[in-house]
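Quick look at data29.pdb (PDB, C-alpha atoms, pLDDT in the B column):
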```pdb
ATOM      1  CA  VAL A  28      19.562   5.811  -0.776  1.00 45.00           C
ATOM      2  CA  VAL A  29      17.693   3.738  -3.372  1.00 48.00           C
ATOM      3  CA  ASN A  30      19.532   3.156  -6.627  1.00 52.00           C
ATOM      4  CA  GLN A  31      17.389   4.657  -9.413  1.00 51.00           C
ATOM      5  CA  LYS A  32      18.516   1.983 -11.886  1.00 49.00           C
ATOM      6  CA  GLU A  33      17.248  -0.753  -9.530  1.00 48.00           C
ATOM      7  CA  ILE A  34      13.813   0.916  -9.352  1.00 46.00           C
ATOM      8  CA  GLN A  35      13.609   1.177 -13.154  1.00 49.00           C
ATOM      9  CA  GLN A  36      14.231  -2.529 -13.577  1.00 51.00           C
ATOM     10  CA  ASN A  37      11.439  -3.392 -11.134  1.00 62.00           C
ATOM     11  CA  PHE A  38       8.539  -1.861 -13.109  1.00 75.00           C
ATOM     12  CA  ILE A  39       7.093  -3.874 -15.962  1.00 78.00           C
ATOM     13  CA  LEU A  40       3.869  -3.086 -17.852  1.00 81.00           C
ATOM     14  CA  TYR A  41       2.362  -6.163 -19.481  1.00 82.00           C
ATOM     15  CA  PRO A  42       1.026  -7.292 -21.855  1.00 83.00           C
ATOM     16  CA  ASN A  43       2.468  -4.881 -24.378  1.00 85.00           C
ATOM     17  CA  PRO A  44       0.757  -4.549 -26.852  1.00 84.00           C
ATOM     18  CA  ALA A  45      -2.421  -4.494 -24.746  1.00 87.00           C
ATOM     19  CA  ILE A  46      -6.118  -4.523 -25.572  1.00 84.00           C
ATOM     20  CA  ASP A  47      -8.126  -3.018 -22.696  1.00 85.00           C
ATOM     21  CA  GLN A  48      -5.871  -3.276 -19.667  1.00 83.00           C
ATOM     22  CA  VAL A  49      -2.277  -3.579 -18.543  1.00 84.00           C
ATOM     23  CA  LYS A  50      -0.855  -4.907 -15.306  1.00 79.00           C
ATOM     24  CA  LYS A  51       2.083  -3.524 -13.431  1.00 71.00           C
ATOM     25  CA  LYS A  52       4.685  -5.770 -11.940  1.00 71.00           C
ATOM     26  CA  LYS A  53       6.969  -4.167  -9.388  1.00 64.00           C
ATOM     27  CA  LYS A  54       9.061  -5.181  -6.433  1.00 63.00           C
ATOM     28  CA  ASN A  55       9.333  -1.790  -4.736  1.00 62.00           C
ATOM     29  CA  GLU A  56       6.796  -0.723  -2.131  1.00 67.00           C
ATOM     30  CA  GLY A  57       5.429   2.785  -2.130  1.00 75.00           C
ATOM     31  CA  LEU A  58       3.109   5.099  -3.966  1.00 83.00           C
ATOM     32  CA  PHE A  59       3.888   5.782  -7.625  1.00 87.00           C
ATOM     33  CA  ALA A  60       2.120   7.621 -10.450  1.00 90.00           C
ATOM     34  CA  LEU A  61       1.744   6.332 -14.009  1.00 91.00           C
ATOM     35  CA  GLU A  62       1.188   9.027 -16.635  1.00 94.00           C
ATOM     36  CA  CYS A  63       0.238   8.097 -20.221  1.00 96.00           C
ATOM     37  CA  TYR A  64       0.837  10.543 -23.071  1.00 97.00           C
ATOM     38  CA  ASP A  65      -0.172  10.425 -26.727  1.00 97.00           C
ATOM     39  CA  LEU A  66       2.521  10.961 -29.358  1.00 96.00           C
ATOM     40  CA  LEU A  67       1.750  14.683 -29.448  1.00 97.00           C
ATOM     41  CA  GLY A  68       2.734  14.933 -25.781  1.00 96.00           C
ATOM     42  CA  LYS A  69      -0.807  15.355 -24.419  1.00 98.00           C
ATOM     43  CA  LEU A  70      -1.455  13.718 -21.041  1.00 97.00           C
ATOM     44  CA  VAL A  71      -4.326  11.287 -21.658  1.00 97.00           C
ATOM     45  CA  GLN A  72      -4.454   9.180 -18.479  1.00 96.00           C
ATOM     46  CA  THR A  73      -3.015   9.179 -14.967  1.00 95.00           C
ATOM     47  CA  GLU A  74      -3.148   6.278 -12.521  1.00 91.00           C
ATOM     48  CA  THR A  75      -1.796   5.676  -9.029  1.00 90.00           C
ATOM     49  CA  ILE A  76       0.265   2.516  -8.557  1.00 84.00           C
ATOM     50  CA  THR A  77      -0.134   1.074  -5.093  1.00 81.00           C
ATOM     51  CA  ASN A  78       0.644  -2.625  -5.441  1.00 73.00           C
ATOM     52  CA  SER A  79       2.174  -5.293  -7.652  1.00 69.00           C
ATOM     53  CA  GLY A  80      -0.199  -6.875 -10.161  1.00 73.00           C
ATOM     54  CA  GLN A  81      -2.501  -3.850 -10.131  1.00 81.00           C
ATOM     55  CA  VAL A  82      -4.668  -3.650 -13.268  1.00 86.00           C
ATOM     56  CA  ILE A  83      -4.964  -0.385 -15.200  1.00 87.00           C
ATOM     57  CA  ASN A  84      -7.972   0.000 -17.462  1.00 89.00           C
ATOM     58  CA  ILE A  85      -6.903   1.592 -20.764  1.00 91.00           C
ATOM     59  CA  SER A  86     -10.105   0.843 -22.701  1.00 92.00           C
ATOM     60  CA  SER A  87     -10.852   4.579 -22.992  1.00 91.00           C
ATOM     61  CA  LEU A  88      -7.654   5.101 -25.039  1.00 93.00           C
ATOM     62  CA  LYS A  89      -7.758   4.920 -28.810  1.00 94.00           C
ATOM     63  CA  SER A  90      -5.658   2.280 -30.550  1.00 94.00           C
ATOM     64  CA  GLY A  91      -2.090   3.421 -31.016  1.00 95.00           C
ATOM     65  CA  MET A  92       1.238   4.002 -29.329  1.00 96.00           C
ATOM     66  CA  TYR A  93       1.556   5.875 -26.049  1.00 96.00           C
ATOM     67  CA  LEU A  94       4.479   7.060 -23.988  1.00 96.00           C
ATOM     68  CA  TYR A  95       4.401   6.575 -20.248  1.00 93.00           C
ATOM     69  CA  ARG A  96       6.212   7.945 -17.218  1.00 93.00           C
ATOM     70  CA  ILE A  97       6.376   6.443 -13.770  1.00 89.00           C
ATOM     71  CA  LYS A  98       7.003   8.946 -10.994  1.00 89.00           C
ATOM     72  CA  ASN A  99       7.740   8.704  -7.302  1.00 85.00           C
ATOM     73  CA  GLY A 100       6.609  12.023  -5.896  1.00 82.00           C
ATOM     74  CA  GLY A 101       7.948  14.614  -8.312  1.00 82.00           C
ATOM     75  CA  GLN A 102      10.871  12.436  -9.420  1.00 86.00           C
ATOM     76  CA  MET A 103      10.574  10.607 -12.758  1.00 86.00           C
ATOM     77  CA  ILE A 104      11.990   7.108 -12.357  1.00 85.00           C
ATOM     78  CA  GLN A 105      11.023   5.362 -15.595  1.00 86.00           C
ATOM     79  CA  THR A 106       9.777   6.064 -19.114  1.00 90.00           C
ATOM     80  CA  GLY A 107       8.650   3.716 -21.836  1.00 90.00           C
ATOM     81  CA  LYS A 108       6.281   2.958 -24.715  1.00 93.00           C
ATOM     82  CA  MET A 109       2.961   1.155 -24.590  1.00 93.00           C
ATOM     83  CA  ILE A 110       0.859  -0.009 -27.514  1.00 92.00           C
ATOM     84  CA  HIS A 111      -2.938  -0.212 -27.262  1.00 93.00           C
ATOM     85  CA  GLU A 112      -4.531  -2.427 -29.890  1.00 90.00           C
TER      86      GLU A 112
END
```
Go ahead and render the structure in this file as structure tokens.
Amino acid sequence: VVNQKEIQQNFILYPNPAIDQVKKKKKNEGLFALECYDLLGKLVQTETITNSGQVINISSLKSGMYLYRIKNGGQMIQTGKMIHE
């Protein structure tokens, strides 16, 4: 059984604030989903995380603050805030 707290500490989105892209740093192997929401709760972008250092293009997002969720299958394993400049 994988400790959920250990997984949460292994995902880092950087830089934050970001301009047009963020990178994901993670130690865990597997297939994960990154969901970005605006502050009204509307899903605005979904990406699949497959490897460490993967770049996510966020240039289509307007400047502002976004909430994100990282999921493994249907299980939410991390939430956070991301700022797009």
For CA of Tyr64 in chain A and CA of Pro42 in chain A, quote the distance in Å rounded to one decimal.
17.9 Å
d(CA of Lys89 in chain A, CA of Gln102 in chain A) in Å:
27.9 Å
Please enumerate the residues selected by the PyMOL selection byres ((chain A and resi 65) around 9) when evaluated against the supplied file, formatted as a PDB file with C-alpha atoms, keeping the file's coordinate frame.
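Everything below was put into expr-v7.pdb:
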```
ATOM      1  CA  CYS A  63       0.238   8.097 -20.221  1.00 96.00           C
ATOM      2  CA  TYR A  64       0.837  10.543 -23.071  1.00 97.00           C
ATOM      3  CA  LEU A  66       2.521  10.961 -29.358  1.00 96.00           C
ATOM      4  CA  LEU A  67       1.750  14.683 -29.448  1.00 97.00           C
ATOM      5  CA  GLY A  68       2.734  14.933 -25.781  1.00 96.00           C
ATOM      6  CA  LYS A  69      -0.807  15.355 -24.419  1.00 98.00           C
ATOM      7  CA  LEU A  70      -1.455  13.718 -21.041  1.00 97.00           C
ATOM      8  CA  VAL A  71      -4.326  11.287 -21.658  1.00 97.00           C
ATOM      9  CA  GLY A  91      -2.090   3.421 -31.016  1.00 95.00           C
ATOM     10  CA  MET A  92       1.238   4.002 -29.329  1.00 96.00           C
ATOM     11  CA  TYR A  93       1.556   5.875 -26.049  1.00 96.00           C
ATOM     12  CA  LEU A  94       4.479   7.060 -23.988  1.00 96.00           C
ATOM     13  CA  TYR A  95       4.401   6.575 -20.248  1.00 93.00           C
TER      14      TYR A  95
END
```
Selected by the PyMOL selection byres ((chain A and resi 87) around 10) in the shown coordinates: which residues, as a VMD selection string?
chain A and resid 47 to 48 71 to 72 84 to 86 88 to 90
Just how far from CA of Ile76 in chain A is CA of Leu61 in chain A, in Å to one decimal?
6.8 Å
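Among the candidates A:Thr73, A:Pro44, A:Ile39, A:Gln81, the residue lying nearest to Met109 in chain A is A:Pro44 (atoms considered: all atoms listed in the file).
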Take the point (-1.4, 2.0, -13.4) as written in the file and pick out every residue within 9 Å of it, counting all atoms listed in the file; give the list as a tab-separated table (two decimals) with C-alpha atoms, in the coordinates of the input.
```
chain	number	residue	atom	x	y	z
A	40	LEU	CA	3.87	-3.09	-17.85
A	49	VAL	CA	-2.28	-3.58	-18.54
A	50	LYS	CA	-0.86	-4.91	-15.31
A	51	LYS	CA	2.08	-3.52	-13.43
A	59	PHE	CA	3.89	5.78	-7.62
A	60	ALA	CA	2.12	7.62	-10.45
A	61	LEU	CA	1.74	6.33	-14.01
A	62	GLU	CA	1.19	9.03	-16.64
A	73	THR	CA	-3.02	9.18	-14.97
A	74	GLU	CA	-3.15	6.28	-12.52
A	75	THR	CA	-1.80	5.68	-9.03
A	76	ILE	CA	0.26	2.52	-8.56
A	77	THR	CA	-0.13	1.07	-5.09
A	81	GLN	CA	-2.50	-3.85	-10.13
A	82	VAL	CA	-4.67	-3.65	-13.27
A	83	ILE	CA	-4.96	-0.38	-15.20
A	84	ASN	CA	-7.97	0.00	-17.46
A	97	ILE	CA	6.38	6.44	-13.77
```
Range 58-77 of chain A: axis-aligned bounding box, 6 Å on each side, centre and edge lengths in Å, one decimal, as AutoDock Vina command-line options:
```
--center_x -0.3 --center_y 8.2 --center_z -16.7 --size_x 20.3 --size_y 26.3 --size_z 37.5
```
Where does the PyMOL selection byres ((chain A and resi 46) around 6) land in this file, that is, which residues does it pick, as a PyMOL selection string?
chain A and resi 45+47+111-112
